[in-house]
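Quick look at my_file_18.tsv (TSV, C-alpha atoms):
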```tsv
chain	number	residue	atom	x	y	z
A	1	MET	CA	14.18	72.62	-0.33
A	2	LYS	CA	11.53	69.97	0.03
A	3	VAL	CA	11.14	68.42	3.48
A	4	GLY	CA	10.25	64.74	3.62
A	5	ARG	CA	7.33	63.25	5.51
A	6	GLN	CA	9.59	61.61	8.09
A	7	THR	CA	11.29	64.92	8.81
A	8	LYS	CA	7.92	66.58	9.39
A	9	VAL	CA	6.96	63.84	11.85
A	10	ILE	CA	10.26	64.20	13.71
A	11	PHE	CA	9.79	67.99	13.90
A	12	GLN	CA	6.23	67.49	15.17
A	13	ILE	CA	7.33	65.01	17.86
A	14	ALA	CA	10.26	67.22	18.91
A	15	GLY	CA	7.92	70.22	19.11
A	16	PHE	CA	9.95	72.66	17.07
A	17	GLY	CA	8.01	75.93	17.06
A	18	LYS	CA	5.91	74.91	20.09
A	19	PRO	CA	7.79	75.79	23.27
A	20	ILE	CA	5.84	73.61	25.72
A	21	ILE	CA	6.07	70.50	23.53
A	22	PHE	CA	9.76	71.20	22.87
A	23	LEU	CA	10.42	71.52	26.62
A	24	SER	CA	8.56	68.25	27.19
A	25	PHE	CA	10.68	66.55	24.51
A	26	VAL	CA	13.91	67.84	26.09
A	27	TRP	CA	12.74	66.59	29.48
A	28	TYR	CA	11.89	63.23	27.90
A	29	LEU	CA	15.45	62.97	26.52
A	30	PHE	CA	16.84	63.94	29.93
A	31	ASN	CA	14.75	61.22	31.61
A	32	VAL	CA	15.92	58.58	29.12
A	33	VAL	CA	19.59	59.50	29.55
A	34	ILE	CA	19.29	59.53	33.35
A	35	HIS	CA	17.27	56.30	33.30
A	36	ILE	CA	19.88	54.51	31.21
A	37	ASN	CA	22.92	55.94	33.03
A	38	TYR	CA	21.77	55.68	36.64
A	39	GLY	CA	18.82	53.30	36.69
A	40	LEU	CA	20.61	50.45	34.97
A	41	ASP	CA	22.27	47.84	37.15
A	42	PHE	CA	24.35	45.32	35.29
A	43	PRO	CA	24.00	41.73	36.53
A	44	LYS	CA	26.87	39.67	37.83
A	45	GLY	CA	26.94	36.04	36.84
A	46	ASN	CA	23.51	34.47	36.50
A	47	GLU	CA	21.64	37.21	38.36
A	48	ILE	CA	18.67	38.95	36.82
A	49	GLY	CA	19.56	42.59	36.52
A	50	PHE	CA	18.63	45.45	34.29
A	51	GLY	CA	16.17	47.04	36.70
A	52	GLY	CA	14.34	43.75	37.33
A	53	PHE	CA	14.18	42.79	33.66
A	54	GLN	CA	15.96	39.70	32.41
A	55	TYR	CA	17.17	41.27	29.16
A	56	ILE	CA	18.68	44.67	28.51
A	57	GLU	CA	16.45	45.10	25.45
A	58	SER	CA	13.36	44.82	27.67
A	59	TYR	CA	14.79	47.40	30.02
A	60	PHE	CA	15.53	49.85	27.19
A	61	MET	CA	12.04	49.45	25.76
A	62	TYR	CA	10.57	50.04	29.22
A	63	SER	CA	12.70	53.13	29.84
A	64	LEU	CA	11.97	54.62	26.44
A	65	PHE	CA	8.22	54.00	26.36
A	66	PHE	CA	7.52	54.70	30.02
A	67	THR	CA	9.32	58.04	29.86
A	68	PHE	CA	7.69	58.84	26.48
A	69	ILE	CA	4.13	58.59	27.86
A	70	PRO	CA	4.18	62.07	29.51
A	71	HIS	CA	5.50	63.56	26.26
A	72	ILE	CA	2.67	61.97	24.30
A	73	LEU	CA	0.24	63.43	26.83
A	74	CYS	CA	1.83	66.86	26.39
A	75	MET	CA	1.48	66.56	22.60
A	76	GLU	CA	-2.31	66.33	23.11
A	77	LYS	CA	-2.31	69.98	24.19
A	78	GLY	CA	-4.75	71.98	22.07
A	79	LYS	CA	-6.55	68.93	20.65
A	80	HIS	CA	-9.27	68.41	23.27
A	81	ASN	CA	-12.07	70.39	24.86
A	82	PHE	CA	-13.34	68.29	27.77
A	83	LEU	CA	-14.54	70.99	30.15
A	84	GLY	CA	-16.00	73.47	27.68
A	85	ASN	CA	-12.95	75.72	27.98
A	86	LYS	CA	-9.92	74.81	25.92
A	87	TYR	CA	-7.51	76.76	28.16
A	88	ILE	CA	-8.60	74.89	31.30
A	89	THR	CA	-8.33	71.55	29.49
A	90	ASP	CA	-4.85	72.46	28.19
A	91	ALA	CA	-3.77	73.57	31.67
A	92	ILE	CA	-4.87	70.23	33.12
A	93	ILE	CA	-3.15	68.24	30.34
A	94	VAL	CA	0.11	70.19	30.60
A	95	SER	CA	0.20	70.18	34.41
A	96	VAL	CA	-0.42	66.41	34.56
A	97	SER	CA	2.19	65.66	31.90
A	98	PHE	CA	4.85	67.83	33.54
A	99	ALA	CA	4.01	66.41	36.97
A	100	TRP	CA	4.55	62.96	35.48
A	101	HIS	CA	7.85	64.10	33.93
A	102	PHE	CA	8.90	65.42	37.35
A	103	ALA	CA	7.85	62.23	39.13
A	104	ILE	CA	9.82	60.09	36.69
A	105	SER	CA	12.88	62.31	37.11
A	106	ASN	CA	12.67	62.07	40.90
A	107	ALA	CA	12.08	58.31	40.82
A	108	ILE	CA	15.13	57.80	38.66
A	109	LEU	CA	17.45	60.10	40.57
```

Reformat the file's structure so that it appears as structure tokens.
Amino acid sequence: MKVGRQTKVIFQIAGFGKPIIFLSFVWYLFNVVIHINYGLDFPKGNEIGFGGFQYIESYFMYSLFFTFIPHILCMEKGKHNFLGNKYITDAIIVSVSFAWHFAISNAIL
């Protein structure tokens, strides 16, 4: 069975076969669901709601992209060698991205 290019990209983003990236992707989905379910306040009348945004579309784009940033950072694992040691660089990248995931989860809840 031939796998299409889009499917390969989805598998790469979801991190199938790479446990740390997969865990980051699951955490990203958790943050989006929590953000949408609990961070969203619906306006009454002419009030501006939606977490300070005027339109719900703006709020959804904010919640999706802001929570996706730590996952993108986690996907950079193994691609850089800033400090001369790839393991130290990966440890810094992963710890920062998961700290950001954690901070977003705490800010939402």

Using all atoms listed in the file, find the one residue out of A:Leu29, A:Ile93, A:Leu64, A:Ile10 that sits nearest to A:Gly78.
->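 Of all the options, A:Ile93 lies closest to A:Gly78.
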
Residues near A:Val26, cut-off 12 Å, only C-alpha atoms, skip fewer than 3 positions along chain, as a list in words |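 Final neighbour list, sorted by chain and number: Ile13, Ala14, Gly15, Phe16, Pro19, Ile20, Ile21, Phe22, Leu23, Leu29, Phe30, Asn31, Val32, Val33, Thr67, Phe68, Pro70, His71, Phe98 and His101 of chain A.
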
Resulting file, chosen residues, C-alpha atoms, as a PDB file, keeping the file's coordinate frame:
```pdb
ATOM      1  CA  ILE A  13       7.330  65.010  17.860  1.00  0.00           C
ATOM      2  CA  ALA A  14      10.260  67.220  18.910  1.00  0.00           C
ATOM      3  CA  GLY A  15       7.920  70.220  19.110  1.00  0.00           C
ATOM      4  CA  PHE A  16       9.950  72.660  17.070  1.00  0.00           C
ATOM      5  CA  PRO A  19       7.790  75.790  23.270  1.00  0.00           C
ATOM      6  CA  ILE A  20       5.840  73.610  25.720  1.00  0.00           C
ATOM      7  CA  ILE A  21       6.070  70.500  23.530  1.00  0.00           C
ATOM      8  CA  PHE A  22       9.760  71.200  22.870  1.00  0.00           C
ATOM      9  CA  LEU A  23      10.420  71.520  26.620  1.00  0.00           C
ATOM     10  CA  LEU A  29      15.450  62.970  26.520  1.00  0.00           C
ATOM     11  CA  PHE A  30      16.840  63.940  29.930  1.00  0.00           C
ATOM     12  CA  ASN A  31      14.750  61.220  31.610  1.00  0.00           C
ATOM     13  CA  VAL A  32      15.920  58.580  29.120  1.00  0.00           C
ATOM     14  CA  VAL A  33      19.590  59.500  29.550  1.00  0.00           C
ATOM     15  CA  THR A  67       9.320  58.040  29.860  1.00  0.00           C
ATOM     16  CA  PHE A  68       7.690  58.840  26.480  1.00  0.00           C
ATOM     17  CA  PRO A  70       4.180  62.070  29.510  1.00  0.00           C
ATOM     18  CA  HIS A  71       5.500  63.560  26.260  1.00  0.00           C
ATOM     19  CA  PHE A  98       4.850  67.830  33.540  1.00  0.00           C
ATOM     20  CA  HIS A 101       7.850  64.100  33.930  1.00  0.00           C
TER      21      HIS A 101
END
```

Atomic distance atom CA of A:Glu76 - atom CA of A:Val94, expressed in Å with one decimal | 8.8 Å

Take atom CA of A:Ile104 and atom CA of A:Asn85 and report the distance between them in Å, one decimal.
-> 29.0 Å

Nearest candidate to A:Ala99 (options A:Ile36, A:Leu73, A:Phe53, A:Phe60; using only C-alpha atoms) =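 Comparing A:Ile36, A:Leu73, A:Phe53, A:Phe60 against A:Ala99, the winner is A:Leu73.
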
Around stretch 97-103 of chain A, with edges along x, y and z and 5 Å added on all six sides, what centre and edge lengths do you get, in Å to one decimal, as AutoDock Vina command-line options?
```
--center_x 5.5 --center_y 65.0 --center_z 35.5 --size_x 16.7 --size_y 15.6 --size_z 17.2
```

re atom CA of A:Tyr55 and atom CA of A:Asn37: distance 16.2 Å

One residue among A:Gly4, A:Ile72, A:Ile56, A:Val9 is nearest to A:Trp100 when using only C-alpha atoms, and that residue is A:Ile72
